[in-house]
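structure_26.csv follows (CSV, C-alpha atoms):
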chain,number,residue,atom,x,y,z
A,1,MET,CA,-11.7,10.3,-27.5
A,2,LYS,CA,-9.2,11.3,-30.1
A,3,ILE,CA,-6.8,8.6,-31.3
A,4,GLY,CA,-3.6,9.7,-32.9
A,5,GLN,CA,-2.5,8.2,-36.3
A,6,GLU,CA,0.5,6.5,-34.6
A,7,MET,CA,-1.8,4.7,-32.2
A,8,LYS,CA,-4.2,3.7,-35.1
A,9,SER,CA,-1.3,2.3,-37.1
A,10,LEU,CA,-0.1,0.3,-34.1
A,11,CYS,CA,-3.5,-1.1,-33.4
A,12,GLU,CA,-3.7,-2.3,-37.0
A,13,ASP,CA,-0.3,-4.0,-36.9
A,14,ALA,CA,-0.2,-6.8,-34.4
A,15,LEU,CA,3.3,-7.9,-35.5
A,16,ALA,CA,4.6,-4.4,-34.7
A,17,GLN,CA,3.1,-4.5,-31.3
A,18,ARG,CA,4.6,-7.9,-30.6
A,19,ARG,CA,8.1,-6.7,-31.8
A,20,ALA,CA,7.9,-3.7,-29.5
A,21,GLN,CA,7.0,-5.8,-26.5
A,22,VAL,CA,9.7,-8.4,-27.2
A,23,ALA,CA,12.3,-5.6,-27.4
A,24,VAL,CA,11.4,-4.0,-24.1
A,25,GLU,CA,11.2,-7.4,-22.4
A,26,LYS,CA,14.6,-8.3,-23.8
A,27,ALA,CA,16.1,-5.1,-22.3
A,28,ARG,CA,14.7,-6.1,-18.9
A,29,ASP,CA,15.9,-9.7,-19.2
A,30,GLU,CA,19.4,-8.6,-20.2
A,31,TRP,CA,19.6,-6.4,-17.0
A,32,LEU,CA,18.4,-9.4,-14.9
A,33,LEU,CA,21.3,-11.5,-16.3
A,34,ASP,CA,23.9,-9.2,-14.9
A,35,ARG,CA,25.8,-11.1,-12.1
A,36,ARG,CA,25.4,-8.3,-9.7
A,37,VAL,CA,21.6,-8.2,-10.3
A,38,ILE,CA,21.4,-12.0,-9.9
A,39,ARG,CA,23.1,-11.7,-6.4
A,40,LEU,CA,20.8,-8.8,-5.6
A,41,MET,CA,17.6,-10.7,-6.6
A,42,ARG,CA,18.7,-13.7,-4.5
A,43,ASP,CA,19.2,-11.5,-1.5
A,44,LEU,CA,15.8,-9.8,-2.1
A,45,GLU,CA,14.1,-13.1,-2.4
A,46,ALA,CA,15.7,-14.3,0.9
A,47,TYR,CA,14.7,-11.0,2.6
A,48,GLY,CA,11.2,-11.4,1.3
A,49,ALA,CA,11.1,-14.9,2.9
A,50,GLY,CA,12.1,-13.5,6.3
A,51,ALA,CA,15.9,-13.4,6.3
A,52,GLU,CA,17.6,-10.8,8.5
A,53,TRP,CA,18.8,-7.6,6.7
A,54,ASP,CA,22.4,-8.2,7.9
A,55,ASP,CA,22.4,-11.6,6.1
A,56,CYS,CA,21.7,-10.0,2.7
A,57,PRO,CA,25.1,-8.5,1.7
A,58,ALA,CA,24.2,-7.6,-1.9
A,59,LEU,CA,21.0,-5.9,-0.8
A,60,ARG,CA,22.7,-4.1,2.0
A,61,ALA,CA,25.5,-2.9,-0.3
A,62,LEU,CA,22.9,-1.6,-2.8
A,63,MET,CA,21.3,0.6,-0.2
A,64,THR,CA,24.6,2.0,1.2
A,65,SER,CA,26.5,2.8,-1.9
A,66,ALA,CA,24.9,5.5,-4.1
A,67,GLY,CA,27.6,5.3,-6.8
A,68,THR,CA,27.3,1.6,-7.4
A,69,THR,CA,23.5,1.7,-7.0
A,70,ASN,CA,23.3,4.5,-9.6
A,71,MET,CA,25.2,2.5,-12.1
A,72,LEU,CA,23.1,-0.6,-11.6
A,73,ILE,CA,19.8,1.3,-11.8
A,74,ALA,CA,21.0,3.5,-14.6
A,75,ARG,CA,21.7,0.3,-16.8
A,76,LEU,CA,18.1,-0.7,-16.3
A,77,VAL,CA,16.6,2.7,-17.0
A,78,GLU,CA,18.9,3.4,-20.0
A,79,GLY,CA,18.1,0.0,-21.5
A,80,LEU,CA,14.4,0.5,-21.2
A,81,CYS,CA,14.5,4.1,-22.5
A,82,ALA,CA,16.6,3.1,-25.5
A,83,VAL,CA,13.9,0.7,-26.6
A,84,LEU,CA,11.1,3.1,-25.8
A,85,ARG,CA,12.6,5.8,-28.0
A,86,GLU,CA,12.3,3.4,-30.9
A,87,ASN,CA,9.0,1.9,-29.7
A,88,PRO,CA,7.2,4.6,-27.7
A,89,LEU,CA,4.1,2.6,-27.3
A,90,ALA,CA,5.7,-0.5,-25.8
A,91,HIS,CA,4.5,-1.4,-22.4
A,92,VAL,CA,7.2,-1.2,-19.6
A,93,PRO,CA,7.4,-4.8,-18.2
A,94,PHE,CA,7.2,-3.7,-14.6
A,95,ARG,CA,4.2,-2.6,-12.6
A,96,HIS,CA,4.3,1.2,-12.6
A,97,GLN,CA,2.1,4.2,-11.9
A,98,ARG,CA,2.2,8.0,-11.8
A,99,SER,CA,0.2,10.3,-9.6
A,100,GLY,CA,0.7,13.9,-8.4
A,101,GLY,CA,4.2,14.4,-9.7
A,102,THR,CA,5.4,11.0,-8.3
A,103,SER,CA,6.3,8.1,-10.6
A,104,ILE,CA,6.7,4.6,-9.2
A,105,LEU,CA,8.4,1.6,-10.9
A,106,GLN,CA,8.1,-1.7,-9.1
A,107,ILE,CA,11.2,-3.6,-10.1
A,108,ALA,CA,10.7,-6.8,-8.1
A,109,THR,CA,8.3,-8.1,-5.4
A,110,PRO,CA,9.5,-11.5,-4.1
A,111,GLY,CA,7.5,-12.7,-1.1
A,112,ARG,CA,7.0,-9.9,1.4
A,113,ALA,CA,9.7,-7.7,0.0
A,114,ALA,CA,9.7,-5.1,-2.7
A,115,LEU,CA,12.4,-3.2,-4.7
A,116,VAL,CA,10.9,0.1,-6.0
A,117,LEU,CA,12.2,3.1,-7.9
A,118,LEU,CA,10.5,6.4,-7.1
A,119,ALA,CA,10.9,9.7,-9.0
A,120,TYR,CA,9.5,13.1,-7.9
A,121,ASP,CA,9.4,15.8,-10.4
A,122,GLY,CA,8.1,18.6,-8.3
A,123,THR,CA,4.9,19.1,-10.4
A,124,GLY,CA,2.5,17.9,-7.7
A,125,PRO,CA,0.1,20.3,-6.0
A,126,ASP,CA,1.8,22.7,-3.5
A,127,CYS,CA,-0.2,22.2,-0.3
A,128,ALA,CA,0.4,21.8,3.4
A,129,ILE,CA,0.8,18.3,4.6
A,130,ASP,CA,-2.3,17.7,6.7
A,131,ARG,CA,-2.4,13.9,7.0
A,132,VAL,CA,0.1,11.1,7.6
A,133,THR,CA,-0.2,7.3,6.9
A,134,PHE,CA,1.4,4.7,9.1
A,135,SER,CA,1.7,1.2,7.5
A,136,ASP,CA,3.2,-2.0,9.0
A,137,VAL,CA,6.1,-1.9,6.6
A,138,GLU,CA,9.9,-1.6,7.2
A,139,ARG,CA,11.4,0.7,4.5
A,140,ARG,CA,14.9,1.6,3.5
A,141,GLU,CA,15.3,4.4,1.1
A,142,LEU,CA,18.4,5.8,-0.7
A,143,VAL,CA,18.4,9.1,-2.6
A,144,LEU,CA,20.0,8.5,-6.1
A,145,ALA,CA,19.6,12.1,-7.4
A,146,GLY,CA,18.2,15.4,-6.4
A,147,SER,CA,17.0,16.7,-3.0
A,148,ALA,CA,13.8,17.5,-1.1
A,149,GLU,CA,12.4,18.9,2.1
A,150,LEU,CA,10.8,16.1,4.1
A,151,VAL,CA,8.4,15.9,7.0
A,152,LEU,CA,9.3,13.0,9.2
A,153,SER,CA,6.5,11.8,11.5
A,154,THR,CA,6.7,9.4,14.4
A,155,LEU,CA,3.7,7.6,16.0
A,156,GLN,CA,4.4,7.9,19.7
A,157,THR,CA,1.1,6.7,21.3
A,158,GLU,CA,-2.0,5.4,19.7
A,159,TRP,CA,-5.6,5.1,21.1
A,160,ALA,CA,-8.8,3.8,19.4
A,161,ASP,CA,-9.5,6.9,17.4
A,162,ARG,CA,-6.5,9.2,17.7
A,163,ALA,CA,-2.7,9.2,18.2
A,164,ASP,CA,0.1,11.3,19.5
A,165,ILE,CA,2.3,12.2,16.6
A,166,ALA,CA,5.6,14.0,16.6
A,167,SER,CA,6.8,15.6,13.3
A,168,ALA,CA,10.1,17.2,12.3
A,169,SER,CA,11.5,18.7,9.1
A,170,ARG,CA,14.6,17.4,7.3
A,171,ARG,CA,16.3,18.2,4.0
A,172,ILE,CA,17.6,15.1,2.2
A,173,ALA,CA,19.9,15.0,-0.8
A,174,LYS,CA,21.8,12.6,-3.1
A,175,GLY,CA,23.7,9.8,-1.3
A,176,GLU,CA,21.6,10.1,1.9
A,177,SER,CA,19.4,7.2,3.2
A,178,LEU,CA,16.5,6.7,5.5
A,179,LEU,CA,15.3,3.8,7.6
A,180,LEU,CA,11.6,4.0,8.3
A,181,LEU,CA,10.0,1.6,10.8
A,182,PRO,CA,6.2,0.9,11.0
A,183,ASN,CA,5.7,3.7,13.5
A,184,GLU,CA,7.5,6.2,11.2
A,185,ALA,CA,6.5,7.9,8.0
A,186,ARG,CA,7.8,10.6,5.7
A,187,SER,CA,6.2,13.0,3.2
A,188,ALA,CA,8.0,15.3,0.7
A,189,SER,CA,6.8,18.9,1.4
A,190,GLN,CA,9.0,20.4,-1.4
A,191,VAL,CA,11.1,18.8,-4.1
A,192,HIS,CA,14.0,20.8,-5.5
A,193,GLY,CA,13.7,20.2,-9.2
A,194,ARG,CA,13.6,16.4,-9.4
A,195,MET,CA,14.5,13.6,-6.9
A,196,VAL,CA,15.0,9.9,-7.5
A,197,MET,CA,14.9,7.4,-4.7
A,198,LEU,CA,15.4,3.6,-4.4
A,199,ARG,CA,13.3,1.8,-1.8
A,200,VAL,CA,13.5,-1.7,-0.3
A,201,ALA,CA,10.5,-2.5,1.8
A,202,ARG,CA,9.2,-5.5,3.6
A,203,THR,CA,5.8,-6.3,5.3
A,204,PRO,CA,5.5,-8.7,8.2
A,205,ALA,CA,3.8,-12.1,7.7
A,206,ASP,CA,0.7,-10.8,9.5
A,207,PRO,CA,0.7,-7.0,9.0
A,208,ALA,CA,-1.3,-4.7,11.2
A,209,PRO,CA,-3.8,-2.3,9.6
A,210,SER,CA,-2.7,0.9,7.9
A,211,ARG,CA,-3.9,4.1,9.5
A,212,VAL,CA,-4.3,7.6,8.3
A,213,PHE,CA,-4.2,10.4,10.9
A,214,ASP,CA,-4.7,14.2,10.8
A,215,ILE,CA,-1.1,15.3,11.4
A,216,HIS,CA,-2.2,18.3,13.5
A,217,THR,CA,-4.9,16.8,15.8
A,218,GLY,CA,-3.9,13.1,15.7
A,219,ARG,CA,-7.5,12.2,14.8
A,220,LEU,CA,-7.9,8.9,13.0
A,221,LEU,CA,-9.2,9.5,9.5
A,222,HIS,CA,-9.1,6.1,7.9
A,223,ARG,CA,-8.1,2.5,8.6
A,224,ALA,CA,-7.4,-0.3,6.1
A,225,SER,CA,-6.2,-3.8,6.3
A,226,GLY,CA,-2.5,-4.3,6.0
A,227,ASN,CA,-3.1,-7.7,4.4
A,228,ARG,CA,-3.3,-7.4,0.6
A,229,ALA,CA,-5.8,-10.2,0.2
A,230,GLU,CA,-8.0,-8.8,3.0
A,231,SER,CA,-7.7,-5.3,1.4
A,232,HIS,CA,-9.0,-6.7,-1.8
A,233,GLY,CA,-11.8,-8.4,0.1
A,234,GLU,CA,-12.7,-5.1,1.8
A,235,MET,CA,-13.1,-3.5,-1.6
A,236,ALA,CA,-15.3,-6.3,-2.9
A,237,LEU,CA,-17.5,-6.0,0.2
A,238,ALA,CA,-17.8,-2.3,-0.3
A,239,LEU,CA,-18.6,-2.7,-4.0
A,240,LEU,CA,-21.3,-5.3,-3.3
A,241,GLY,CA,-22.8,-3.1,-0.6
A,242,ARG,CA,-22.9,0.0,-2.9
A,243,MET,CA,-24.6,-2.2,-5.6
A,244,GLY,CA,-27.3,-3.1,-3.1
A,245,ARG,CA,-26.6,-6.8,-3.5
A,246,ARG,CA,-28.9,-8.2,-0.8
A,247,ASP,CA,-28.1,-11.7,-2.0
A,248,ALA,CA,-24.6,-11.1,-0.5
A,249,VAL,CA,-26.0,-10.7,3.0
A,250,PRO,CA,-25.4,-14.3,4.1
A,251,LEU,CA,-21.8,-14.0,2.8
A,252,PHE,CA,-21.3,-10.8,4.8
A,253,ALA,CA,-22.6,-12.4,7.9
A,254,GLU,CA,-20.3,-15.4,7.4
A,255,LEU,CA,-17.3,-13.2,6.8
A,256,ALA,CA,-18.0,-11.3,10.1
A,257,SER,CA,-16.8,-14.5,11.8
A,258,GLU,CA,-13.6,-15.0,9.7
A,259,GLY,CA,-10.3,-13.3,9.3
A,260,SER,CA,-8.7,-10.5,11.3
A,261,ALA,CA,-10.7,-8.3,13.7
A,262,HIS,CA,-10.5,-5.4,11.3
A,263,PHE,CA,-11.8,-7.4,8.3
A,264,ARG,CA,-14.6,-8.9,10.4
A,265,TRP,CA,-15.7,-5.5,11.6
A,266,GLN,CA,-15.8,-4.2,8.0
A,267,ALA,CA,-17.9,-7.2,7.0
A,268,LEU,CA,-20.2,-6.6,9.9
A,269,ARG,CA,-20.7,-2.9,9.1
A,270,GLU,CA,-21.5,-3.7,5.4
A,271,CYS,CA,-23.9,-6.3,6.6
A,272,LEU,CA,-25.7,-3.8,8.9
A,273,ALA,CA,-25.9,-1.3,6.1
A,274,LEU,CA,-27.3,-3.8,3.6
A,275,ASP,CA,-29.7,-5.6,5.9
A,276,SER,CA,-30.2,-4.2,9.3
A,277,GLY,CA,-32.0,-7.3,10.6
A,278,ALA,CA,-29.4,-9.8,9.6
A,279,GLY,CA,-26.6,-7.4,10.6
A,280,PHE,CA,-28.0,-6.8,14.0
A,281,THR,CA,-28.5,-10.5,14.6
A,282,GLU,CA,-24.8,-11.1,13.9
A,283,LEU,CA,-23.8,-8.0,15.9
A,284,ALA,CA,-25.8,-9.3,18.9
A,285,ARG,CA,-24.1,-12.8,18.6
A,286,ILE,CA,-20.6,-11.2,18.7
A,287,ALA,CA,-21.6,-8.9,21.6
A,288,ALA,CA,-22.7,-11.9,23.6
A,289,ASP,CA,-19.4,-13.8,23.2
A,290,PRO,CA,-16.9,-12.8,25.9
A,291,GLY,CA,-14.2,-14.7,24.1
A,292,ASP,CA,-14.5,-12.7,20.9
A,293,PRO,CA,-12.0,-9.9,20.4
A,294,LEU,CA,-14.8,-7.8,18.9
A,295,GLN,CA,-17.1,-8.3,21.9
A,296,SER,CA,-16.5,-4.9,23.5
A,297,PRO,CA,-16.9,-2.7,20.4
A,298,ALA,CA,-19.9,-4.9,19.3
A,299,ALA,CA,-21.6,-4.5,22.6
A,300,SER,CA,-21.1,-0.7,22.5
A,301,LEU,CA,-22.5,-0.5,19.0
A,302,ARG,CA,-25.4,-2.8,19.9
A,303,ALA,CA,-26.3,-0.5,22.8
A,304,GLN,CA,-26.1,2.6,20.6
A,305,LEU,CA,-28.4,1.0,18.0
A,306,LEU,CA,-30.9,-0.2,20.6
A,307,GLU,CA,-31.1,3.3,22.1
A,308,ALA,CA,-31.7,4.8,18.6
A,309,HIS,CA,-33.9,2.0,17.4
A,310,PRO,CA,-35.6,0.0,20.3
A,311,GLN,CA,-37.5,-2.2,17.8
A,312,LEU,CA,-34.2,-4.0,17.0
A,313,ALA,CA,-34.4,-5.8,20.4
A,314,ARG,CA,-37.0,-8.2,19.0
A,315,LEU,CA,-34.4,-9.5,16.5
A,316,GLU,CA,-32.3,-10.9,19.3
A,317,SER,CA,-32.8,-14.6,19.9
A,318,PHE,CA,-30.7,-14.5,23.1
A,319,PRO,CA,-29.9,-11.9,25.8
A,320,CYS,CA,-26.7,-10.0,25.7
A,321,PRO,CA,-24.9,-9.6,29.0
A,322,ALA,CA,-23.3,-6.3,28.0

Please express what this file holds, its structure, as structure tokens.
Amino acid sequence: MKIGQEMKSLCEDALAQRRAQVAVEKARDEWLLDRRVIRLMRDLEAYGAGAEWDDCPALRALMTSAGTTNMLIARLVEGLCAVLRENPLAHVPFRHQRSGGTSILQIATPGRAALVLLAYDGTGPDCAIDRVTFSDVERRELVLAGSAELVLSTLQTEWADRADIASASRRIAKGESLLLLPNEARSASQVHGRMVMLRVARTPADPAPSRVFDIHTGRLLHRASGNRAESHGEMALALLGRMGRRDAVPLFAELASEGSAHFRWQALRECLALDSGAGFTELARIAADPGDPLQSPAASLRAQLLEAHPQLARLESFPCPA
């Protein structure tokens, strides 16, 4: 790794690092003290706690008036950029990321709500949109600058492993807005130069899993928990499994009985992969319980495994009625 002289100098000067961070945080705090921003954050907090959209006037006004919104967001961006020009290695005091020509700045996340600034610079890979993700999130988006061609998808009917999806194209430009419900999704197929959008999103208290489908065939490609804590748990399960941590098998078996059906199924799969004996015992227990929401898929998987591996039958301590 090659480290530039500017970075070396900064690493050797803790006081300069601190001054740069204080300056950028001051710019953020000054923006947050604006009376309009204070009202906005109060509404966003209420919305994140479950308030109705119509009961949040400052938030509603933000997403329906591009001119006012532009001025409010411009003050934040200009304040941060002014500091970063003087202190280019300061860390922006908001969660942020960049991937495939898309930059995301997470301005606030009170409760279940989020206020996010998105910028598309048109440098992402040019490719056909072949998949679509549906998340249990209600999103309102306002175009602050630029334009793009979108693919709007609607989940019409869903089965266990596929869905009926309708898609249509739409051009969107500055001043226009979108309301996307959990059964709706959008993808930018082409950005004309640059486009900046402001998004307000909210997840329900008990979100359904996110699903990724092939946009052409409707085939289910991936499913992930809509609950952030469960999603983190899934990643931890997968990591322990890939590490071959057999000492985690009792934990996997225990987690197969806790949480949402999706999380329990993931824990059961990881348990089977890590220790087929312990996993099959837990699978048989679930398959034998008619009151368990996973009883039917567990019974089906048990039958498939017994057909492929008859020796697993001896691991069952009780008969399965399925």

*asked:* One decimal, in Å: what's the spacing between CA of Ala74 in chain A and CA of Trp31 in chain A?
replied: 10.3 Å

*Can you pull out every residue within 12 Å of Ala253 in chain A, counting all atoms listed in the file, but drop anything in the same chain fewer than 5 positions away, and send it as a PyMOL selection string?*
chain A and resi 237+246-248+258+263-286

Export, as a PDB file, in the coordinates of the input, the selected residues with C-alpha atoms.
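Here's the written file part-v9.pdb:
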ATOM      1  CA  LEU A 237     -17.500  -6.000   0.200  1.00  0.00           C
ATOM      2  CA  ARG A 246     -28.900  -8.200  -0.800  1.00  0.00           C
ATOM      3  CA  ASP A 247     -28.100 -11.700  -2.000  1.00  0.00           C
ATOM      4  CA  ALA A 248     -24.600 -11.100  -0.500  1.00  0.00           C
ATOM      5  CA  GLU A 258     -13.600 -15.000   9.700  1.00  0.00           C
ATOM      6  CA  PHE A 263     -11.800  -7.400   8.300  1.00  0.00           C
ATOM      7  CA  ARG A 264     -14.600  -8.900  10.400  1.00  0.00           C
ATOM      8  CA  TRP A 265     -15.700  -5.500  11.600  1.00  0.00           C
ATOM      9  CA  GLN A 266     -15.800  -4.200   8.000  1.00  0.00           C
ATOM     10  CA  ALA A 267     -17.900  -7.200   7.000  1.00  0.00           C
ATOM     11  CA  LEU A 268     -20.200  -6.600   9.900  1.00  0.00           C
ATOM     12  CA  ARG A 269     -20.700  -2.900   9.100  1.00  0.00           C
ATOM     13  CA  GLU A 270     -21.500  -3.700   5.400  1.00  0.00           C
ATOM     14  CA  CYS A 271     -23.900  -6.300   6.600  1.00  0.00           C
ATOM     15  CA  LEU A 272     -25.700  -3.800   8.900  1.00  0.00           C
ATOM     16  CA  ALA A 273     -25.900  -1.300   6.100  1.00  0.00           C
ATOM     17  CA  LEU A 274     -27.300  -3.800   3.600  1.00  0.00           C
ATOM     18  CA  ASP A 275     -29.700  -5.600   5.900  1.00  0.00           C
ATOM     19  CA  SER A 276     -30.200  -4.200   9.300  1.00  0.00           C
ATOM     20  CA  GLY A 277     -32.000  -7.300  10.600  1.00  0.00           C
ATOM     21  CA  ALA A 278     -29.400  -9.800   9.600  1.00  0.00           C
ATOM     22  CA  GLY A 279     -26.600  -7.400  10.600  1.00  0.00           C
ATOM     23  CA  PHE A 280     -28.000  -6.800  14.000  1.00  0.00           C
ATOM     24  CA  THR A 281     -28.500 -10.500  14.600  1.00  0.00           C
ATOM     25  CA  GLU A 282     -24.800 -11.100  13.900  1.00  0.00           C
ATOM     26  CA  LEU A 283     -23.800  -8.000  15.900  1.00  0.00           C
ATOM     27  CA  ALA A 284     -25.800  -9.300  18.900  1.00  0.00           C
ATOM     28  CA  ARG A 285     -24.100 -12.800  18.600  1.00  0.00           C
ATOM     29  CA  ILE A 286     -20.600 -11.200  18.700  1.00  0.00           C
TER      30      ILE A 286
END

*Between CA of Val249 in chain A and CA of Ala236 in chain A, distance in Å (one decimal)*: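 Result for CA of Val249 in chain A versus CA of Ala236 in chain A: 13.0 Å, one decimal.
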
*Please, what distance in Å, to one decimal, runs between CA of Ile165 in chain A and CA of His216 in chain A?*
8.2 Å

*Find the residues near range 9-23 of chain A: any atom within 7 Å, counting only C-alpha atoms, skip ones fewer than 2 places away on the same chain, and give them as a ChimeraX atom specification.*
/A:5-7,25-27,83,87,90-91

For Asp214 in chain A, find every residue with an atom within 12 Å (counting all atoms listed in the file), except residues of its own chain fewer than 3 positions away, and show them as a PDB file with C-alpha atoms, keeping the file's coordinate frame.
ATOM      1  CA  ALA A 128       0.400  21.800   3.400  1.00  0.00           C
ATOM      2  CA  ILE A 129       0.800  18.300   4.600  1.00  0.00           C
ATOM      3  CA  ASP A 130      -2.300  17.700   6.700  1.00  0.00           C
ATOM      4  CA  ARG A 131      -2.400  13.900   7.000  1.00  0.00           C
ATOM      5  CA  VAL A 132       0.100  11.100   7.600  1.00  0.00           C
ATOM      6  CA  THR A 133      -0.200   7.300   6.900  1.00  0.00           C
ATOM      7  CA  PHE A 134       1.400   4.700   9.100  1.00  0.00           C
ATOM      8  CA  SER A 153       6.500  11.800  11.500  1.00  0.00           C
ATOM      9  CA  LEU A 155       3.700   7.600  16.000  1.00  0.00           C
ATOM     10  CA  ASP A 161      -9.500   6.900  17.400  1.00  0.00           C
ATOM     11  CA  ARG A 162      -6.500   9.200  17.700  1.00  0.00           C
ATOM     12  CA  ALA A 163      -2.700   9.200  18.200  1.00  0.00           C
ATOM     13  CA  ASP A 164       0.100  11.300  19.500  1.00  0.00           C
ATOM     14  CA  ILE A 165       2.300  12.200  16.600  1.00  0.00           C
ATOM     15  CA  ALA A 166       5.600  14.000  16.600  1.00  0.00           C
ATOM     16  CA  SER A 167       6.800  15.600  13.300  1.00  0.00           C
ATOM     17  CA  ARG A 211      -3.900   4.100   9.500  1.00  0.00           C
ATOM     18  CA  THR A 217      -4.900  16.800  15.800  1.00  0.00           C
ATOM     19  CA  GLY A 218      -3.900  13.100  15.700  1.00  0.00           C
ATOM     20  CA  ARG A 219      -7.500  12.200  14.800  1.00  0.00           C
ATOM     21  CA  LEU A 220      -7.900   8.900  13.000  1.00  0.00           C
ATOM     22  CA  LEU A 221      -9.200   9.500   9.500  1.00  0.00           C
ATOM     23  CA  HIS A 222      -9.100   6.100   7.900  1.00  0.00           C
TER      24      HIS A 222
END

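With all atoms listed in the file as the atoms that count, the residue of A:Ala113, A:Leu306, A:Val151, A:Ala160 with the shortest distance to Glu184 in chain A is A:Val151.
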
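Distances to Ser231 in chain A were evaluated for A:Gly48, A:Gly67, A:Pro207, A:Pro110 using all atoms listed in the file, and the minimum falls at A:Pro207.
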
*Restricting the calculation to all atoms listed in the file, which member of A:Ile104, A:Ala61, A:Ala308, A:Val24 is positioned closest to Gly79 in chain A?*
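Closest candidate: A:Val24.
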
*List the neighbours of Asn183 in chain A out to 8 Å using all atoms listed in the file; skip same-chain residues closer than 3 positions along the sequence, and give me the result as a VMD selection string.*
chain A and resid 134 to 136 154 to 156 180

Could you turn the residues from that selection into a file that holds C-alpha atoms, as a JSON list (two decimals), in the frame of the given file?
[["chain", "number", "residue", "atom", "x", "y", "z"],
["A", 134, "PHE", "CA", 1.40, 4.70, 9.10],
["A", 135, "SER", "CA", 1.70, 1.20, 7.50],
["A", 136, "ASP", "CA", 3.20, -2.00, 9.00],
["A", 154, "THR", "CA", 6.70, 9.40, 14.40],
["A", 155, "LEU", "CA", 3.70, 7.60, 16.00],
["A", 156, "GLN", "CA", 4.40, 7.90, 19.70],
["A", 180, "LEU", "CA", 11.60, 4.00, 8.30]]

_Can you pull out the residues contacting Gln304 in chain A? Cut-off 12 Å, using all atoms listed in the file, and skip same-chain residues under 6 positions away; I want them as a ChimeraX atom specification._
/A:280,283,297-298,310,312-313,322

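Each of A:Ala51, A:Val212, A:Leu33, A:Ala303 was compared to Arg75 in chain A using all atoms listed in the file, and A:Leu33 turns out to be the nearest.
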